[in-house]
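The structure file query.tsv is reproduced below (TSV, C-alpha atoms and all ligand atoms).
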chain	number	residue	atom	x	y	z
W	1	MET	CA	118.55	87.54	115.25
W	2	LYS	CA	117.14	87.36	118.76
W	3	ILE	CA	113.63	85.88	118.99
W	4	ILE	CA	111.06	86.63	121.68
W	5	VAL	CA	108.24	84.09	121.44
W	6	CYS	CA	104.92	85.22	122.87
W	7	GLU	CA	101.71	83.35	123.65
W	8	ASN	CA	99.48	85.79	121.85
W	9	TYR	CA	99.03	89.23	120.28
W	10	GLU	CA	98.70	90.98	123.65
W	11	GLU	CA	101.98	89.57	124.91
W	12	MET	CA	103.71	90.47	121.64
W	13	SER	CA	102.40	94.03	121.83
W	14	LYS	CA	103.56	94.40	125.45
W	15	ALA	CA	107.03	93.03	124.63
W	16	GLY	CA	107.40	95.59	121.81
W	17	ALA	CA	106.11	98.43	123.97
W	18	ASP	CA	108.52	97.50	126.78
W	19	ILE	CA	111.51	97.74	124.43
W	20	ILE	CA	110.41	101.17	123.18
W	21	ALA	CA	109.66	102.34	126.73
W	22	GLY	CA	113.14	101.20	127.81
W	23	LEU	CA	114.71	103.28	125.05
W	24	LEU	CA	112.58	106.33	125.92
W	25	LYS	CA	113.86	106.16	129.50
W	26	GLU	CA	117.47	105.61	128.47
W	27	LYS	CA	117.51	108.16	125.65
W	28	PRO	CA	114.57	110.59	125.91
W	29	ASP	CA	115.62	112.40	122.71
W	30	CYS	CA	115.76	109.21	120.65
W	31	VAL	CA	114.80	108.87	116.99
W	32	LEU	CA	112.11	106.25	116.41
W	33	GLY	CA	111.40	104.61	113.07
W	34	LEU	CA	107.71	103.68	113.07
W	35	ALA	CA	105.49	101.31	111.14
W	36	THR	CA	101.77	101.21	110.42
W	37	GLY	CA	99.48	98.26	109.60
W	38	SER	CA	97.47	96.05	111.94
W	39	THR	CA	100.40	94.50	113.77
W	40	PRO	CA	101.73	97.45	115.82
W	41	VAL	CA	98.32	98.84	116.85
W	42	GLY	CA	98.30	96.95	120.18
W	43	MET	CA	101.86	98.05	120.91
W	44	TYR	CA	100.92	101.68	120.30
W	45	LYS	CA	97.92	101.24	122.66
W	46	ASP	CA	100.27	99.91	125.35
W	47	LEU	CA	102.61	102.86	124.85
W	48	ILE	CA	99.67	105.25	125.20
W	49	ALA	CA	98.70	103.50	128.47
W	50	MET	CA	102.28	103.80	129.77
W	51	TYR	CA	102.31	107.48	128.83
W	52	GLU	CA	98.97	108.04	130.61
W	53	ALA	CA	100.34	106.27	133.68
W	54	GLY	CA	103.25	108.75	133.70
W	55	GLU	CA	105.82	106.06	132.98
W	56	ILE	CA	107.15	107.43	129.69
W	57	SER	CA	107.32	110.70	127.80
W	58	PHE	CA	107.61	111.42	124.09
W	59	ASP	CA	108.30	115.14	124.47
W	60	ARG	CA	111.84	114.98	123.07
W	61	VAL	CA	111.28	112.18	120.55
W	62	THR	CA	111.67	112.52	116.80
W	63	SER	CA	110.00	109.94	114.57
W	64	TYR	CA	110.27	108.87	110.95
W	65	ASN	CA	107.72	106.54	109.45
W	66	LEU	CA	108.68	103.76	107.14
W	67	ASP	CA	106.28	104.43	104.35
W	68	GLU	CA	103.27	106.24	102.91
W	69	TYR	CA	100.98	105.64	99.98
W	70	TYR	CA	101.64	107.79	96.92
W	71	PRO	CA	99.81	109.84	96.04
W	72	ILE	CA	97.56	110.35	99.06
W	73	GLU	CA	96.29	113.29	101.13
W	74	PRO	CA	97.59	113.29	104.73
W	75	THR	CA	93.97	113.70	105.84
W	76	HIS	CA	92.83	110.60	103.94
W	77	GLU	CA	91.65	108.03	106.50
W	78	GLN	CA	93.93	105.38	105.01
W	79	SER	CA	97.02	107.56	104.80
W	80	TYR	CA	99.80	106.52	107.13
W	81	ARG	CA	100.01	110.07	108.49
W	82	TYR	CA	96.36	109.79	109.53
W	83	PHE	CA	97.02	106.32	110.98
W	84	MET	CA	99.91	107.56	113.12
W	85	ASN	CA	97.90	110.52	114.41
W	86	GLN	CA	94.95	108.27	115.28
W	87	ASN	CA	96.91	105.37	116.76
W	88	LEU	CA	99.68	107.18	118.64
W	89	PHE	CA	100.55	110.82	118.09
W	90	ASP	CA	97.18	112.31	119.10
W	91	HIS	CA	97.32	110.46	122.43
W	92	VAL	CA	100.85	111.20	123.67
W	93	ASN	CA	102.98	114.29	124.23
W	94	ILE	CA	105.03	113.98	121.04
W	95	ASP	CA	105.75	117.23	119.20
W	96	LYS	CA	103.96	116.62	115.88
W	97	ALA	CA	106.42	118.95	114.16
W	98	LYS	CA	109.04	116.32	114.91
W	99	THR	CA	107.03	113.42	113.46
W	100	PHE	CA	107.80	112.70	109.84
W	101	VAL	CA	106.03	110.58	107.24
W	102	PRO	CA	107.06	110.66	103.56
W	103	ASN	CA	105.08	113.36	101.78
W	104	GLY	CA	102.35	111.53	99.88
W	105	LEU	CA	101.51	114.72	98.00
W	106	THR	CA	104.93	115.72	96.76
W	107	LYS	CA	105.15	116.75	93.13
W	108	ASP	CA	108.78	115.72	93.19
W	109	PRO	CA	109.12	112.10	94.35
W	110	GLU	CA	112.66	111.90	92.94
W	111	THR	CA	113.95	114.38	95.49
W	112	GLU	CA	111.57	113.51	98.35
W	113	GLY	CA	113.21	110.11	98.94
W	114	PRO	CA	116.84	111.28	99.19
W	115	ALA	CA	115.73	114.32	101.23
W	116	TYR	CA	113.93	111.99	103.68
W	117	ASP	CA	117.09	109.89	104.12
W	118	ALA	CA	119.21	113.02	104.55
W	119	ALA	CA	116.83	114.32	107.23
W	120	ILE	CA	117.11	111.02	109.12
W	121	GLU	CA	120.91	111.21	108.96
W	122	ALA	CA	120.85	114.83	110.12
W	123	ALA	CA	118.67	113.82	113.09
W	124	GLY	CA	121.38	111.35	114.12
W	125	GLY	CA	119.93	108.22	112.50
W	126	VAL	CA	117.16	105.94	113.69
W	127	ASP	CA	117.83	104.50	117.16
W	128	LEU	CA	115.03	101.95	117.01
W	129	GLN	CA	113.14	100.87	113.92
W	130	VAL	CA	109.78	99.11	114.26
W	131	LEU	CA	108.92	96.72	111.43
W	132	GLY	CA	106.05	94.46	110.48
W	133	ILE	CA	106.39	91.84	107.76
W	134	GLY	CA	104.23	91.30	104.69
W	135	GLN	CA	102.90	87.84	103.86
W	136	ASN	CA	105.26	88.00	100.90
W	137	GLY	CA	108.24	88.90	103.10
W	138	HIS	CA	108.22	92.62	102.38
W	139	ILE	CA	109.55	95.09	104.95
W	140	GLY	CA	108.35	98.63	104.58
W	141	PHE	CA	107.12	98.43	101.01
W	142	ASN	CA	110.30	96.79	99.76
W	143	GLU	CA	108.55	94.11	97.76
W	144	PRO	CA	110.08	90.84	96.51
W	145	ASP	CA	111.91	91.63	93.27
W	146	ASP	CA	115.05	90.86	91.29
W	147	ALA	CA	116.77	93.82	92.92
W	148	LEU	CA	116.20	96.01	95.96
W	149	ILE	CA	116.74	99.76	96.35
W	150	ALA	CA	118.87	101.20	99.15
W	151	GLY	CA	117.30	104.61	99.72
W	152	THR	CA	113.79	105.93	100.30
W	153	HIS	CA	111.91	105.80	97.00
W	154	VAL	CA	108.52	105.38	95.35
W	155	THR	CA	107.67	101.81	94.45
W	156	ASP	CA	104.87	99.92	92.74
W	157	LEU	CA	102.94	97.74	95.18
W	158	THR	CA	102.56	94.08	94.28
W	159	ASP	CA	99.12	92.62	93.72
W	160	ASN	CA	99.62	90.55	96.90
W	161	THR	CA	100.13	93.72	98.97
W	162	ILE	CA	97.24	95.56	97.29
W	163	GLU	CA	95.03	92.55	98.03
W	164	ALA	CA	96.21	92.35	101.67
W	165	ASN	CA	95.66	96.09	102.21
W	166	SER	CA	92.28	96.20	100.45
W	167	ARG	CA	90.71	95.22	103.80
W	168	PHE	CA	91.17	98.85	104.85
W	169	PHE	CA	89.59	100.35	101.72
W	170	ALA	CA	86.08	100.25	100.26
W	171	SER	CA	87.36	98.10	97.41
W	172	LYS	CA	90.61	96.77	95.99
W	173	ALA	CA	90.35	99.35	93.22
W	174	ASP	CA	90.63	102.12	95.83
W	175	VAL	CA	94.02	100.95	97.14
W	176	PRO	CA	96.81	103.16	95.80
W	177	THR	CA	99.14	101.17	93.55
W	178	ARG	CA	102.29	103.06	94.55
W	179	ALA	CA	103.94	104.07	97.81
W	180	PHE	CA	106.98	105.72	99.30
W	181	THR	CA	109.11	103.39	101.33
W	182	MET	CA	112.35	103.65	103.21
W	183	GLY	CA	114.77	101.53	101.22
W	184	ILE	CA	116.58	98.48	102.47
W	185	GLY	CA	119.67	100.60	103.16
W	186	SER	CA	117.65	103.15	105.13
W	187	ILE	CA	116.16	100.36	107.26
W	188	MET	CA	119.48	98.59	107.79
W	189	LYS	CA	121.09	101.81	109.06
W	190	ALA	CA	118.86	101.75	112.16
W	191	LYS	CA	120.88	101.01	115.30
W	192	LYS	CA	118.31	98.51	116.53
W	193	ILE	CA	115.31	96.88	114.81
W	194	ILE	CA	112.29	95.14	116.29
W	195	LEU	CA	110.11	93.15	113.91
W	196	LEU	CA	106.62	92.23	115.11
W	197	ALA	CA	104.72	89.33	113.56
W	198	ASN	CA	101.62	87.49	114.68
W	199	GLY	CA	99.23	84.97	113.22
W	200	GLU	CA	99.49	81.93	111.01
W	201	ASN	CA	99.30	84.04	107.85
W	202	LYS	CA	102.76	85.40	108.68
W	203	HIS	CA	104.30	82.00	109.30
W	204	ALA	CA	105.61	81.39	105.77
W	205	ALA	CA	107.28	84.81	105.62
W	206	VAL	CA	108.75	84.47	109.13
W	207	ALA	CA	110.05	80.97	108.37
W	208	GLN	CA	111.61	82.15	105.13
W	209	MET	CA	113.20	85.13	106.89
W	210	LEU	CA	114.70	82.89	109.56
W	211	HIS	CA	115.73	79.89	107.53
W	212	ASP	CA	116.40	80.93	103.92
W	213	ARG	CA	119.54	82.47	102.57
W	214	ILE	CA	119.42	86.22	102.01
W	215	THR	CA	117.37	86.80	98.86
W	216	THR	CA	115.74	89.80	97.23
W	217	GLN	CA	112.69	87.54	96.72
W	218	CYS	CA	112.11	87.77	100.50
W	219	PRO	CA	113.38	91.22	101.50
W	220	ALA	CA	113.11	90.43	105.24
W	221	THR	CA	115.95	87.89	104.88
W	222	ILE	CA	118.40	90.82	104.71
W	223	LEU	CA	117.69	91.47	108.39
W	224	LYS	CA	119.91	88.50	109.19
W	225	ALA	CA	122.83	90.73	108.22
W	226	HIS	CA	121.91	93.37	110.84
W	227	PRO	CA	123.70	93.13	114.20
W	228	ASP	CA	120.74	93.97	116.43
W	229	VAL	CA	117.34	92.65	115.32
W	230	VAL	CA	114.73	91.29	117.70
W	231	LEU	CA	111.87	89.28	116.21
W	232	ILE	CA	108.87	89.51	118.55
W	233	CYS	CA	106.29	87.00	117.44
W	234	ASP	CA	103.52	84.73	118.62
W	235	LYS	CA	103.72	80.95	118.34
W	236	LYS	CA	101.48	80.87	115.27
W	237	ALA	CA	103.77	83.15	113.29
W	238	LEU	CA	106.79	81.15	114.41
W	239	ASN	CA	105.49	77.61	114.14
W	240	GLY	CA	102.44	77.84	111.87
S	301	LIG	C1	103.68	99.32	107.36
S	301	LIG	C2	104.64	98.53	106.59
S	301	LIG	C3	104.31	97.16	106.10
S	301	LIG	C4	103.57	96.32	107.15
S	301	LIG	C5	103.26	94.94	106.60
S	301	LIG	C6	102.44	94.13	107.57
S	301	LIG	O1	104.22	100.58	107.68
S	301	LIG	O2	105.70	99.00	106.31
S	301	LIG	O3	105.50	96.51	105.72
S	301	LIG	O4	104.37	96.22	108.29
S	301	LIG	O5	102.57	95.04	105.39
S	301	LIG	O6	101.18	94.72	107.71
S	301	LIG	P1	100.15	94.25	108.81
S	301	LIG	O7	100.74	94.61	110.14
S	301	LIG	O8	98.90	95.03	108.53
S	301	LIG	O9	99.99	92.78	108.65

Go through the file and emit its structure as structure tokens.
Ligand code: F6R
Amino acid sequence: MKIIVCENYEEMSKAGADIIAGLLKEKPDCVLGLATGSTPVGMYKDLIAMYEAGEISFDRVTSYNLDEYYPIEPTHEQSYRYFMNQNLFDHVNIDKAKTFVPNGLTKDPETEGPAYDAAIEAAGGVDLQVLGIGQNGHIGFNEPDDALIAGTHVTDLTDNTIEANSRFFASKADVPTRAFTMGIGSIMKAKKIILLANGENKHAAVAQMLHDRITTQCPATILKAHPDVVLICDKKALNG
């Protein structure tokens, strides 16, 4: 795993945006795998600024998001579809018809997951997957467990994740307890992965990812088995 150590959040965001911008220039019709959460917001802002400066274009890009609460309306302010529209899609020239987020309203979650993976395959696979990391080492919503699932599926969120995400909701009781997530196999199929992490509260998870053996109790450790992962982090996430 390559590591880019940054002084602060701004530098981390810029480093992530530069890698995505490089791919957009090299392969304008690339497939991006995108993440939500607090961590990538600055990177999306930088990408918007680069787009506004005429440096990059999203007009031929296809995107697949990692996860979505289930069930949730796409118009709900905490849905990941809403997040992506607000934080990136509404501000760049991406064709929204080519932006995909798991359907948080599907009546048929059993078929939604495999269909999502099949659509990614049909689009040529993810060229670049953006990841954050949970304080418990989750990637997407693949939570620590005795076993991990390969494909996109609905999962129960752990109390740790519900607690961490309650900052976005009126109360903890309002946080959905389930979510769609790309599975570990779906994530590992991406040709390249960048994982962004900042802040001391991510240090334990980052240290475990880097130094522990691969374990389902810290799903991010599996990334060590991927040939092209770049960890972009600040010093606090790396060193505590
Ligand atoms: C978001 C996602 C999650 C987050 C992780 C970190 O799409 O898949 O794994 O990346 O929970 O969240 P933040 O960035 O809010 O600390």

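Here the question is which of W:Leu34, W:Met50, W:Leu223, W:Ile232 gets nearest to ligand LIG 301 (chain S) using all atoms listed in the file, and that residue is W:Leu34.
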
**OP:** Please identify all polymer residues within 9 Å of W:Ala17, counting all atoms listed in the file, omitting same-chain residues fewer than 6 positions from it, and present them as a PyMOL selection string.
**Re:** chain W and resi 42-47+50

Using all atoms listed in the file, find each residue in chain W having at least one atom no more than 8 Å away from ligand LIG 301 (chain S); report its shortest atom-to-atom pair and that distance in Å (one decimal), rows by chain then rising number, as JSON lines.
{"residue": "W:Leu34", "atom": "CA", "partner": "S:LIG301", "partner_atom": "O1", "distance": 7.1}
{"residue": "W:Ala35", "atom": "CA", "partner": "S:LIG301", "partner_atom": "O1", "distance": 3.8}
{"residue": "W:Thr36", "atom": "CA", "partner": "S:LIG301", "partner_atom": "O1", "distance": 3.7}
{"residue": "W:Gly37", "atom": "CA", "partner": "S:LIG301", "partner_atom": "O8", "distance": 3.5}
{"residue": "W:Ser38", "atom": "CA", "partner": "S:LIG301", "partner_atom": "O8", "distance": 3.8}
{"residue": "W:Thr39", "atom": "CA", "partner": "S:LIG301", "partner_atom": "O7", "distance": 3.6}
{"residue": "W:Pro40", "atom": "CA", "partner": "S:LIG301", "partner_atom": "O7", "distance": 6.4}
{"residue": "W:Asn65", "atom": "CA", "partner": "S:LIG301", "partner_atom": "O1", "distance": 7.1}
{"residue": "W:Leu66", "atom": "CA", "partner": "S:LIG301", "partner_atom": "O1", "distance": 5.5}
{"residue": "W:Asp67", "atom": "CA", "partner": "S:LIG301", "partner_atom": "O1", "distance": 5.5}
{"residue": "W:Glu68", "atom": "CA", "partner": "S:LIG301", "partner_atom": "O1", "distance": 7.5}
{"residue": "W:Tyr80", "atom": "CA", "partner": "S:LIG301", "partner_atom": "O1", "distance": 7.4}
{"residue": "W:Leu131", "atom": "CA", "partner": "S:LIG301", "partner_atom": "O4", "distance": 5.6}
{"residue": "W:Gly132", "atom": "CA", "partner": "S:LIG301", "partner_atom": "O4", "distance": 3.3}
{"residue": "W:Ile133", "atom": "CA", "partner": "S:LIG301", "partner_atom": "C5", "distance": 4.6}
{"residue": "W:Gly134", "atom": "CA", "partner": "S:LIG301", "partner_atom": "O5", "distance": 4.2}
{"residue": "W:Gln135", "atom": "CA", "partner": "S:LIG301", "partner_atom": "C6", "distance": 7.3}
{"residue": "W:His138", "atom": "CA", "partner": "S:LIG301", "partner_atom": "O3", "distance": 5.8}
{"residue": "W:Ile139", "atom": "CA", "partner": "S:LIG301", "partner_atom": "O3", "distance": 4.4}
{"residue": "W:Gly140", "atom": "CA", "partner": "S:LIG301", "partner_atom": "O2", "distance": 3.2}
{"residue": "W:Phe141", "atom": "CA", "partner": "S:LIG301", "partner_atom": "O3", "distance": 5.3}
{"residue": "W:Asn142", "atom": "CA", "partner": "S:LIG301", "partner_atom": "O3", "distance": 7.7}
{"residue": "W:Thr161", "atom": "CA", "partner": "S:LIG301", "partner_atom": "O5", "distance": 7.0}
{"residue": "W:Ala164", "atom": "CA", "partner": "S:LIG301", "partner_atom": "O8", "distance": 7.8}
{"residue": "W:Asn165", "atom": "CA", "partner": "S:LIG301", "partner_atom": "O8", "distance": 7.2}
{"residue": "W:Thr181", "atom": "CA", "partner": "S:LIG301", "partner_atom": "O2", "distance": 7.5}
{"residue": "W:Ala197", "atom": "CA", "partner": "S:LIG301", "partner_atom": "O7", "distance": 7.4}
{"residue": "W:Lys202", "atom": "CA", "partner": "S:LIG301", "partner_atom": "O9", "distance": 7.9}

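Counting all atoms listed in the file and comparing W:Leu157, W:Met1, W:Ile120, W:Ala21, the residue that lies closest to W:Ala179 is W:Leu157.
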
Original post:
Could you pull the residues within 9 Å of W:Thr221, counting all atoms listed in the file, minus those fewer than 4 positions along the same chain, as a PyMOL selection string?
Top reply: chain W and resi 137+208-217+225

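Remark: for W:Ala119, the closest of the candidate residues W:Ser63, W:His153, W:Lys172, W:Asn87 is W:Ser63 (distances computed over all atoms listed in the file).
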
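Atom pair atom CA of W:Ile149 / atom CA of W:Ser186 has a distance of 9.5 Å (rounded to one decimal).
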
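Picture a line from atom CA of W:Asp90 to atom CA of W:Ile20; it runs 17.8 Å.
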
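Atom CA of W:Val206 lies 15.8 Å from atom CA of W:Asn8.
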
Subject >> Residue nearest W:Asn160 - candidates W:Val175, W:Ala220, W:Val5, W:Ala53, atoms counted: all atoms listed in the file >> reply: W:Val175
